[in-house]
$ cat upload.txt   # compact mmCIF, N, CA and C atoms
# COMPACT_ATOMS: atom_id res chain seq x y z
N MET A 228 12.66 -2.84 -11.03
CA MET A 228 12.08 -3.23 -9.75
C MET A 228 12.30 -4.73 -9.57
N ASP A 229 12.75 -5.10 -8.39
CA ASP A 229 13.05 -6.49 -8.09
C ASP A 229 11.76 -7.20 -7.69
N LYS A 230 11.11 -7.78 -8.70
CA LYS A 230 9.84 -8.46 -8.48
C LYS A 230 9.99 -9.59 -7.46
N GLN A 231 11.06 -10.35 -7.55
CA GLN A 231 11.23 -11.48 -6.65
C GLN A 231 11.37 -11.02 -5.19
N ALA A 232 12.03 -9.90 -4.99
CA ALA A 232 12.18 -9.38 -3.62
C ALA A 232 10.81 -9.02 -3.04
N ILE A 233 9.94 -8.45 -3.85
CA ILE A 233 8.58 -8.13 -3.39
C ILE A 233 7.83 -9.41 -3.06
N LEU A 234 7.89 -10.37 -3.97
CA LEU A 234 7.19 -11.64 -3.74
C LEU A 234 7.71 -12.34 -2.50
N ASP A 235 9.03 -12.34 -2.34
CA ASP A 235 9.62 -12.96 -1.14
C ASP A 235 9.16 -12.24 0.13
N SER A 236 9.07 -10.92 0.06
CA SER A 236 8.63 -10.17 1.23
C SER A 236 7.18 -10.49 1.58
N LEU A 237 6.34 -10.62 0.57
CA LEU A 237 4.94 -10.96 0.82
C LEU A 237 4.82 -12.36 1.41
N ASP A 238 5.63 -13.29 0.91
CA ASP A 238 5.64 -14.65 1.48
C ASP A 238 6.08 -14.62 2.94
N LEU A 239 7.09 -13.83 3.23
CA LEU A 239 7.60 -13.71 4.59
C LEU A 239 6.51 -13.19 5.53
N VAL A 240 5.81 -12.17 5.09
CA VAL A 240 4.74 -11.60 5.91
C VAL A 240 3.61 -12.61 6.10
N ALA A 241 3.25 -13.31 5.02
CA ALA A 241 2.17 -14.30 5.12
C ALA A 241 2.52 -15.42 6.10
N GLU A 242 3.79 -15.78 6.15
CA GLU A 242 4.23 -16.83 7.09
C GLU A 242 4.17 -16.37 8.54
N ARG A 243 4.36 -15.08 8.76
CA ARG A 243 4.54 -14.58 10.13
C ARG A 243 3.34 -13.85 10.72
N SER A 244 2.44 -13.40 9.87
CA SER A 244 1.33 -12.60 10.40
C SER A 244 0.02 -12.99 9.72
N PRO A 245 -0.94 -13.47 10.50
CA PRO A 245 -2.22 -13.79 9.89
C PRO A 245 -2.98 -12.55 9.42
N ASP A 246 -2.68 -11.40 10.02
CA ASP A 246 -3.35 -10.16 9.63
C ASP A 246 -2.42 -8.97 9.88
N PRO A 247 -1.70 -8.55 8.85
CA PRO A 247 -0.79 -7.41 9.02
C PRO A 247 -1.48 -6.05 9.00
N ALA A 248 -2.79 -6.02 8.74
CA ALA A 248 -3.50 -4.74 8.62
C ALA A 248 -3.33 -3.84 9.84
N PRO A 249 -3.45 -4.34 11.06
CA PRO A 249 -3.29 -3.42 12.20
C PRO A 249 -1.93 -2.72 12.22
N GLN A 250 -0.87 -3.45 11.87
CA GLN A 250 0.46 -2.83 11.85
C GLN A 250 0.58 -1.80 10.74
N VAL A 251 0.01 -2.10 9.58
CA VAL A 251 0.07 -1.17 8.44
C VAL A 251 -0.67 0.12 8.78
N TYR A 252 -1.88 -0.01 9.30
CA TYR A 252 -2.67 1.18 9.58
C TYR A 252 -2.13 1.97 10.76
N ALA A 253 -1.53 1.30 11.72
CA ALA A 253 -0.90 2.03 12.83
C ALA A 253 0.19 2.94 12.29
N ARG A 254 0.97 2.45 11.35
CA ARG A 254 2.04 3.27 10.76
C ARG A 254 1.46 4.39 9.89
N LEU A 255 0.41 4.07 9.13
CA LEU A 255 -0.22 5.11 8.30
C LEU A 255 -0.80 6.22 9.17
N PHE A 256 -1.53 5.85 10.22
CA PHE A 256 -2.17 6.84 11.08
C PHE A 256 -1.15 7.63 11.89
N ALA A 257 -0.02 7.03 12.19
CA ALA A 257 1.03 7.78 12.91
C ALA A 257 1.55 8.92 12.05
N ARG A 258 1.64 8.70 10.74
CA ARG A 258 2.13 9.73 9.83
C ARG A 258 1.02 10.65 9.33
N HIS A 259 -0.17 10.11 9.22
CA HIS A 259 -1.31 10.86 8.70
C HIS A 259 -2.50 10.67 9.64
N PRO A 260 -2.45 11.28 10.82
CA PRO A 260 -3.52 11.07 11.81
C PRO A 260 -4.90 11.49 11.31
N GLU A 261 -4.93 12.39 10.37
CA GLU A 261 -6.21 12.83 9.82
C GLU A 261 -6.93 11.70 9.08
N MET A 262 -6.21 10.68 8.65
CA MET A 262 -6.82 9.57 7.92
C MET A 262 -7.60 8.64 8.85
N GLU A 263 -7.22 8.58 10.11
CA GLU A 263 -7.88 7.66 11.04
C GLU A 263 -9.37 7.98 11.18
N ALA A 264 -9.71 9.25 11.15
CA ALA A 264 -11.12 9.64 11.29
C ALA A 264 -11.99 9.08 10.16
N LEU A 265 -11.40 8.82 9.02
CA LEU A 265 -12.16 8.27 7.90
C LEU A 265 -12.57 6.82 8.13
N PHE A 266 -11.97 6.18 9.12
CA PHE A 266 -12.26 4.78 9.40
C PHE A 266 -13.05 4.60 10.69
N VAL A 267 -13.66 5.66 11.18
CA VAL A 267 -14.34 5.62 12.46
C VAL A 267 -15.47 4.57 12.48
N ARG A 268 -16.08 4.32 11.36
CA ARG A 268 -17.19 3.36 11.31
C ARG A 268 -16.70 1.93 11.04
N ASP A 269 -15.41 1.77 10.78
CA ASP A 269 -14.84 0.45 10.51
C ASP A 269 -14.42 -0.20 11.84
N VAL A 270 -15.41 -0.50 12.67
CA VAL A 270 -15.13 -1.00 14.02
C VAL A 270 -14.55 -2.42 14.01
N THR A 271 -14.81 -3.18 12.96
CA THR A 271 -14.30 -4.55 12.89
C THR A 271 -12.96 -4.64 12.17
N GLY A 272 -12.58 -3.57 11.47
CA GLY A 272 -11.34 -3.59 10.69
C GLY A 272 -11.50 -4.22 9.32
N ASP A 273 -12.72 -4.59 8.96
CA ASP A 273 -12.95 -5.24 7.68
C ASP A 273 -12.61 -4.33 6.49
N VAL A 274 -12.95 -3.06 6.59
CA VAL A 274 -12.67 -2.13 5.50
C VAL A 274 -11.16 -1.99 5.33
N ARG A 275 -10.46 -1.83 6.43
CA ARG A 275 -9.01 -1.72 6.38
C ARG A 275 -8.39 -2.99 5.78
N GLY A 276 -8.88 -4.13 6.20
CA GLY A 276 -8.37 -5.39 5.66
C GLY A 276 -8.62 -5.51 4.18
N GLN A 277 -9.81 -5.10 3.74
CA GLN A 277 -10.14 -5.17 2.32
C GLN A 277 -9.26 -4.22 1.52
N MET A 278 -9.04 -3.03 2.06
CA MET A 278 -8.20 -2.06 1.34
C MET A 278 -6.76 -2.56 1.25
N LEU A 279 -6.26 -3.19 2.29
CA LEU A 279 -4.91 -3.75 2.25
C LEU A 279 -4.84 -4.88 1.22
N ALA A 280 -5.84 -5.73 1.21
CA ALA A 280 -5.87 -6.82 0.22
C ALA A 280 -5.88 -6.26 -1.20
N GLN A 281 -6.66 -5.22 -1.43
CA GLN A 281 -6.71 -4.62 -2.75
C GLN A 281 -5.38 -3.97 -3.11
N ALA A 282 -4.72 -3.37 -2.13
CA ALA A 282 -3.41 -2.76 -2.38
C ALA A 282 -2.39 -3.82 -2.79
N VAL A 283 -2.46 -4.99 -2.17
CA VAL A 283 -1.56 -6.09 -2.54
C VAL A 283 -1.91 -6.59 -3.93
N GLU A 284 -3.19 -6.70 -4.25
CA GLU A 284 -3.60 -7.13 -5.60
C GLU A 284 -3.09 -6.15 -6.66
N VAL A 285 -3.19 -4.86 -6.39
CA VAL A 285 -2.69 -3.85 -7.31
C VAL A 285 -1.18 -4.03 -7.50
N LEU A 286 -0.49 -4.23 -6.41
CA LEU A 286 0.96 -4.42 -6.47
C LEU A 286 1.31 -5.64 -7.31
N LEU A 287 0.65 -6.76 -7.07
CA LEU A 287 0.94 -7.98 -7.82
C LEU A 287 0.65 -7.80 -9.31
N ASP A 288 -0.44 -7.12 -9.62
CA ASP A 288 -0.74 -6.86 -11.03
C ASP A 288 0.31 -5.95 -11.64
N TYR A 289 0.73 -4.95 -10.90
CA TYR A 289 1.75 -4.01 -11.40
C TYR A 289 3.05 -4.75 -11.69
N LEU A 290 3.39 -5.71 -10.86
CA LEU A 290 4.61 -6.49 -11.06
C LEU A 290 4.49 -7.48 -12.21
N GLY A 291 3.25 -7.81 -12.55
CA GLY A 291 3.01 -8.82 -13.58
C GLY A 291 2.43 -8.24 -14.85
N PRO A 292 1.20 -8.61 -15.13
CA PRO A 292 0.63 -8.24 -16.44
C PRO A 292 0.23 -6.78 -16.60
N ARG A 293 0.10 -6.07 -15.51
CA ARG A 293 -0.38 -4.68 -15.54
C ARG A 293 -1.71 -4.55 -16.30
N ALA A 294 -2.58 -5.48 -15.99
CA ALA A 294 -3.90 -5.49 -16.63
C ALA A 294 -4.82 -4.42 -16.06
N PHE A 295 -4.63 -4.06 -14.78
CA PHE A 295 -5.55 -3.10 -14.18
C PHE A 295 -4.90 -2.14 -13.19
N ALA A 296 -3.70 -2.41 -12.74
CA ALA A 296 -3.10 -1.66 -11.62
C ALA A 296 -3.06 -0.16 -11.87
N VAL A 297 -2.54 0.25 -12.99
CA VAL A 297 -2.37 1.68 -13.25
C VAL A 297 -3.73 2.37 -13.33
N ASN A 298 -4.67 1.76 -14.04
CA ASN A 298 -5.99 2.38 -14.15
C ASN A 298 -6.73 2.40 -12.82
N LEU A 299 -6.57 1.36 -12.01
CA LEU A 299 -7.22 1.35 -10.71
C LEU A 299 -6.63 2.43 -9.80
N LEU A 300 -5.31 2.58 -9.82
CA LEU A 300 -4.70 3.66 -9.04
C LEU A 300 -5.24 5.01 -9.48
N ARG A 301 -5.33 5.22 -10.78
CA ARG A 301 -5.85 6.50 -11.28
C ARG A 301 -7.29 6.72 -10.85
N THR A 302 -8.09 5.69 -10.93
CA THR A 302 -9.50 5.80 -10.53
C THR A 302 -9.63 6.09 -9.04
N GLU A 303 -8.82 5.41 -8.24
CA GLU A 303 -8.91 5.58 -6.80
C GLU A 303 -8.45 6.97 -6.34
N VAL A 304 -7.60 7.61 -7.13
CA VAL A 304 -7.23 9.00 -6.82
C VAL A 304 -8.49 9.85 -6.80
N HIS A 305 -9.34 9.67 -7.80
CA HIS A 305 -10.58 10.45 -7.89
C HIS A 305 -11.58 10.04 -6.81
N ASN A 306 -11.74 8.72 -6.61
CA ASN A 306 -12.67 8.25 -5.58
C ASN A 306 -12.29 8.77 -4.20
N HIS A 307 -11.00 8.70 -3.90
CA HIS A 307 -10.55 9.13 -2.58
C HIS A 307 -10.54 10.65 -2.44
N ASP A 308 -10.33 11.35 -3.54
CA ASP A 308 -10.39 12.82 -3.51
C ASP A 308 -11.78 13.26 -3.07
N ASN A 309 -12.80 12.54 -3.50
CA ASN A 309 -14.17 12.85 -3.11
C ASN A 309 -14.40 12.67 -1.61
N MET A 310 -13.53 11.88 -0.95
CA MET A 310 -13.63 11.67 0.50
C MET A 310 -12.65 12.55 1.27
N GLY A 311 -11.93 13.39 0.55
CA GLY A 311 -10.97 14.28 1.20
C GLY A 311 -9.60 13.67 1.42
N VAL A 312 -9.31 12.59 0.72
CA VAL A 312 -8.01 11.93 0.85
C VAL A 312 -7.11 12.40 -0.28
N PRO A 313 -6.04 13.10 0.04
CA PRO A 313 -5.15 13.60 -1.02
C PRO A 313 -4.38 12.47 -1.69
N GLY A 314 -4.06 12.66 -2.94
CA GLY A 314 -3.35 11.64 -3.73
C GLY A 314 -2.05 11.17 -3.12
N GLU A 315 -1.34 12.07 -2.44
CA GLU A 315 -0.05 11.67 -1.87
C GLU A 315 -0.17 10.64 -0.76
N THR A 316 -1.38 10.39 -0.30
CA THR A 316 -1.57 9.38 0.72
C THR A 316 -1.34 7.98 0.17
N PHE A 317 -1.55 7.78 -1.13
CA PHE A 317 -1.37 6.46 -1.72
C PHE A 317 0.07 5.95 -1.59
N PRO A 318 1.06 6.71 -2.02
CA PRO A 318 2.42 6.21 -1.81
C PRO A 318 2.75 6.11 -0.32
N ALA A 319 2.16 6.96 0.50
CA ALA A 319 2.38 6.87 1.95
C ALA A 319 1.81 5.55 2.47
N PHE A 320 0.72 5.10 1.90
CA PHE A 320 0.14 3.82 2.30
C PHE A 320 1.10 2.69 1.96
N TYR A 321 1.67 2.73 0.77
CA TYR A 321 2.63 1.68 0.39
C TYR A 321 3.90 1.76 1.22
N ARG A 322 4.31 2.95 1.63
CA ARG A 322 5.45 3.06 2.54
C ARG A 322 5.11 2.48 3.90
N ALA A 323 3.88 2.73 4.37
CA ALA A 323 3.44 2.15 5.65
C ALA A 323 3.40 0.62 5.55
N MET A 324 2.95 0.11 4.41
CA MET A 324 2.97 -1.33 4.20
C MET A 324 4.40 -1.86 4.29
N ALA A 325 5.31 -1.21 3.59
CA ALA A 325 6.69 -1.67 3.57
C ALA A 325 7.30 -1.66 4.97
N GLU A 326 7.06 -0.61 5.72
CA GLU A 326 7.61 -0.52 7.07
C GLU A 326 7.01 -1.57 8.00
N ALA A 327 5.72 -1.77 7.92
CA ALA A 327 5.07 -2.78 8.75
C ALA A 327 5.56 -4.17 8.35
N PHE A 328 5.66 -4.41 7.06
CA PHE A 328 6.12 -5.71 6.59
C PHE A 328 7.56 -5.97 7.01
N GLU A 329 8.38 -4.93 6.95
CA GLU A 329 9.77 -5.08 7.39
C GLU A 329 9.83 -5.44 8.88
N ALA A 330 9.00 -4.80 9.68
CA ALA A 330 8.96 -5.11 11.11
C ALA A 330 8.52 -6.56 11.33
N ILE A 331 7.55 -6.99 10.55
CA ILE A 331 7.06 -8.37 10.67
C ILE A 331 8.16 -9.34 10.23
N GLY A 332 8.86 -9.00 9.15
CA GLY A 332 9.91 -9.86 8.62
C GLY A 332 11.13 -9.95 9.52
N GLY A 333 11.34 -8.90 10.30
CA GLY A 333 12.46 -8.91 11.24
C GLY A 333 13.80 -9.12 10.57
N ARG A 334 14.62 -9.97 11.16
CA ARG A 334 15.99 -10.16 10.66
C ARG A 334 16.04 -10.86 9.31
N ASP A 335 14.92 -11.42 8.86
CA ASP A 335 14.90 -12.07 7.55
C ASP A 335 14.56 -11.11 6.42
N TRP A 336 14.25 -9.87 6.77
CA TRP A 336 14.00 -8.83 5.76
C TRP A 336 15.35 -8.46 5.14
N THR A 337 15.37 -8.30 3.83
CA THR A 337 16.64 -8.04 3.15
C THR A 337 16.72 -6.62 2.60
N PRO A 338 17.93 -6.14 2.35
CA PRO A 338 18.08 -4.84 1.70
C PRO A 338 17.40 -4.80 0.32
N ALA A 339 17.38 -5.92 -0.37
CA ALA A 339 16.71 -5.97 -1.67
C ALA A 339 15.21 -5.74 -1.53
N MET A 340 14.64 -6.26 -0.46
CA MET A 340 13.21 -6.03 -0.20
C MET A 340 12.95 -4.56 0.07
N THR A 341 13.80 -3.95 0.89
CA THR A 341 13.64 -2.52 1.18
C THR A 341 13.73 -1.71 -0.10
N ALA A 342 14.71 -1.98 -0.92
CA ALA A 342 14.89 -1.24 -2.17
C ALA A 342 13.70 -1.42 -3.10
N ALA A 343 13.21 -2.64 -3.21
CA ALA A 343 12.07 -2.91 -4.10
C ALA A 343 10.82 -2.17 -3.63
N TRP A 344 10.57 -2.16 -2.32
CA TRP A 344 9.41 -1.44 -1.80
C TRP A 344 9.55 0.06 -1.99
N GLN A 345 10.76 0.57 -1.87
CA GLN A 345 10.97 2.00 -2.13
C GLN A 345 10.65 2.32 -3.58
N GLU A 346 11.04 1.44 -4.48
CA GLU A 346 10.73 1.64 -5.90
C GLU A 346 9.23 1.62 -6.16
N VAL A 347 8.54 0.75 -5.46
CA VAL A 347 7.07 0.70 -5.60
C VAL A 347 6.47 2.04 -5.19
N ALA A 348 6.87 2.56 -4.04
CA ALA A 348 6.32 3.83 -3.57
C ALA A 348 6.61 4.95 -4.55
N VAL A 349 7.80 4.97 -5.11
CA VAL A 349 8.15 6.01 -6.09
C VAL A 349 7.32 5.85 -7.36
N ALA A 350 7.24 4.63 -7.87
CA ALA A 350 6.49 4.39 -9.12
C ALA A 350 5.02 4.75 -8.94
N PHE A 351 4.42 4.31 -7.83
CA PHE A 351 3.02 4.61 -7.60
C PHE A 351 2.84 6.10 -7.34
N GLY A 352 3.78 6.71 -6.68
CA GLY A 352 3.72 8.15 -6.46
C GLY A 352 3.70 8.93 -7.76
N GLU A 353 4.49 8.50 -8.73
CA GLU A 353 4.53 9.17 -10.03
C GLU A 353 3.21 9.00 -10.77
N ILE A 354 2.64 7.80 -10.73
CA ILE A 354 1.35 7.56 -11.39
C ILE A 354 0.28 8.45 -10.75
N ILE A 355 0.27 8.48 -9.45
CA ILE A 355 -0.75 9.22 -8.72
C ILE A 355 -0.58 10.73 -8.88
N ALA A 356 0.66 11.19 -8.83
CA ALA A 356 0.91 12.63 -9.01
C ALA A 356 0.43 13.10 -10.37
N ALA A 357 0.68 12.30 -11.39
CA ALA A 357 0.23 12.66 -12.74
C ALA A 357 -1.29 12.74 -12.79
N GLU A 358 -1.95 11.80 -12.16
CA GLU A 358 -3.41 11.79 -12.16
C GLU A 358 -3.97 12.89 -11.27
N ALA A 359 -3.35 13.12 -10.14
CA ALA A 359 -3.83 14.14 -9.20
C ALA A 359 -3.85 15.53 -9.85
N ARG A 360 -2.94 15.75 -10.77
CA ARG A 360 -2.92 17.05 -11.46
C ARG A 360 -4.17 17.25 -12.30
N THR A 361 -4.89 16.17 -12.62
CA THR A 361 -6.12 16.30 -13.41
C THR A 361 -7.36 16.49 -12.54
N VAL A 362 -7.19 16.28 -11.22
CA VAL A 362 -8.35 16.38 -10.31
C VAL A 362 -8.71 17.83 -10.10
$ encode --input "upload.txt" --output "structure tokens"
Amino acid sequence: MDKQAILDSLDLVAERSPDPAPQVYARLFARHPEMEALFVRDVTGDVRGQMLAQAVEVLLDYLGPRAFAVNLLRTEVHNHDNMGVPGETFPAFYRAMAEAFEAIGGRDWTPAMTAAWQEVAVAFGEIIAAEARTV
């Protein structure tokens, strides 16, 4: 996985968007409209923003020391299952992040960034699929 491409993409997004959460969730809800109902009480968007921030933290840890990322993903599979969120939504969330970030990055988004984000979705999908089988 091209760690630098991910870091560069995050820098690009931070430079161009003070809050990418609306774009990320719009893409997620377009693919998984059933998820939008789970956020009906999040009228300010704070929950969505916090979840996006945590997803980025997990990603950064996964790219670095891996002190908590894998275990947090496994734990969240169970937490979200209790709310009716299937495990496959997690990689879909990271794909929605990648697509929204690419749109924000525009012409400065690179093929290396696309490839690195695809690898993230696959890697997280494998972790989650393995854990989901235990649910």
$ closest_residue --input "upload.txt" --among "A:Val347, A:Ala330, A:Leu239, A:Met310" --to "Leu265 (chain A)" --atoms "only N, CA and C atoms"
A:Met310
$ select_by_dssp --input "upload.txt" --residues "region 251-328 of chain A" --states "alpha helix (DSSP H)" --output "ChimeraX atom specification"
/A:251-258,260-263,273-290,296-308,316-328
$ residues_around --input "upload.txt" --residues "Val285 (chain A)" --least-positions-apart "3" --cutoff "8 Å" --atoms "only N, CA and C atoms" --output "ChimeraX atom specification"
/A:279-282,288-291,295-297,299-300
$ atom_distance --input "upload.txt" --atom1 "CA of Met262 (chain A)" --atom2 "CA of Val240 (chain A)"
24.2 Å
$ residues_around --input "upload.txt" --residues "Gly276 (chain A)" --least-positions-apart "6" --cutoff "12 Å" --atoms "only C-alpha atoms" --output "list in words"
Pro245, Asp246, Pro247, Ala248, Pro249, Gln250, Val251, Tyr252, Phe266, Asp269, Val270, Ala282 and Val283 of chain A
$ atom_distance --input "upload.txt" --atom1 "atom N of Ala319 (chain A)" --atom2 "atom N of Ile233 (chain A)"
17.8 Å
$ residues_around --input "upload.txt" --residues "Val349 (chain A)" --least-positions-apart "5" --cutoff "8 Å" --atoms "only N, CA and C atoms" --output "list of chain:residue names"
A:Pro318, A:Arg322, A:Ala343, A:Trp344, A:Ile354, A:Ile355
$ closest_residue --input "upload.txt" --among "A:Asn309, A:Gln277, A:Ser244, A:Thr316" --to "Phe256 (chain A)" --atoms "only C-alpha atoms"
A:Thr316
$ atom_distance --input "upload.txt" --atom1 "CA of Glu242 (chain A)" --atom2 "atom C of Asp335 (chain A)"
11.8 Å
$ residues_around --input "upload.txt" --residues "Gln231 (chain A)" --least-positions-apart "4" --cutoff "8 Å" --atoms "all atoms listed in the file" --output "VMD selection string"
chain A and resid 235 to 237 339 to 340
$ write_last_selection --input "upload.txt" --atoms "N, CA and C atoms" --output "CSV table (one decimal), in the frame of the given file"
chain,number,residue,atom,x,y,z
A,235,ASP,N,9.0,-12.3,-2.3
A,235,ASP,CA,9.6,-13.0,-1.1
A,235,ASP,C,9.2,-12.2,0.1
A,236,SER,N,9.1,-10.9,0.1
A,236,SER,CA,8.6,-10.2,1.2
A,236,SER,C,7.2,-10.5,1.6
A,237,LEU,N,6.3,-10.6,0.6
A,237,LEU,CA,4.9,-11.0,0.8
A,237,LEU,C,4.8,-12.4,1.4
A,339,ALA,N,17.4,-5.9,-0.4
A,339,ALA,CA,16.7,-6.0,-1.7
A,339,ALA,C,15.2,-5.7,-1.5
A,340,MET,N,14.6,-6.3,-0.5
A,340,MET,CA,13.2,-6.0,-0.2
A,340,MET,C,13.0,-4.6,0.1
$ closest_residue --input "upload.txt" --among "A:Asp229, A:Ala241, A:Thr341, A:Pro313" --to "Ala359 (chain A)" --atoms "only N, CA and C atoms"
A:Pro313
$ closest_residue --input "upload.txt" --among "A:Glu326, A:Glu358, A:Glu263, A:Asp238" --to "Thr302 (chain A)" --atoms "only C-alpha atoms"
A:Glu358
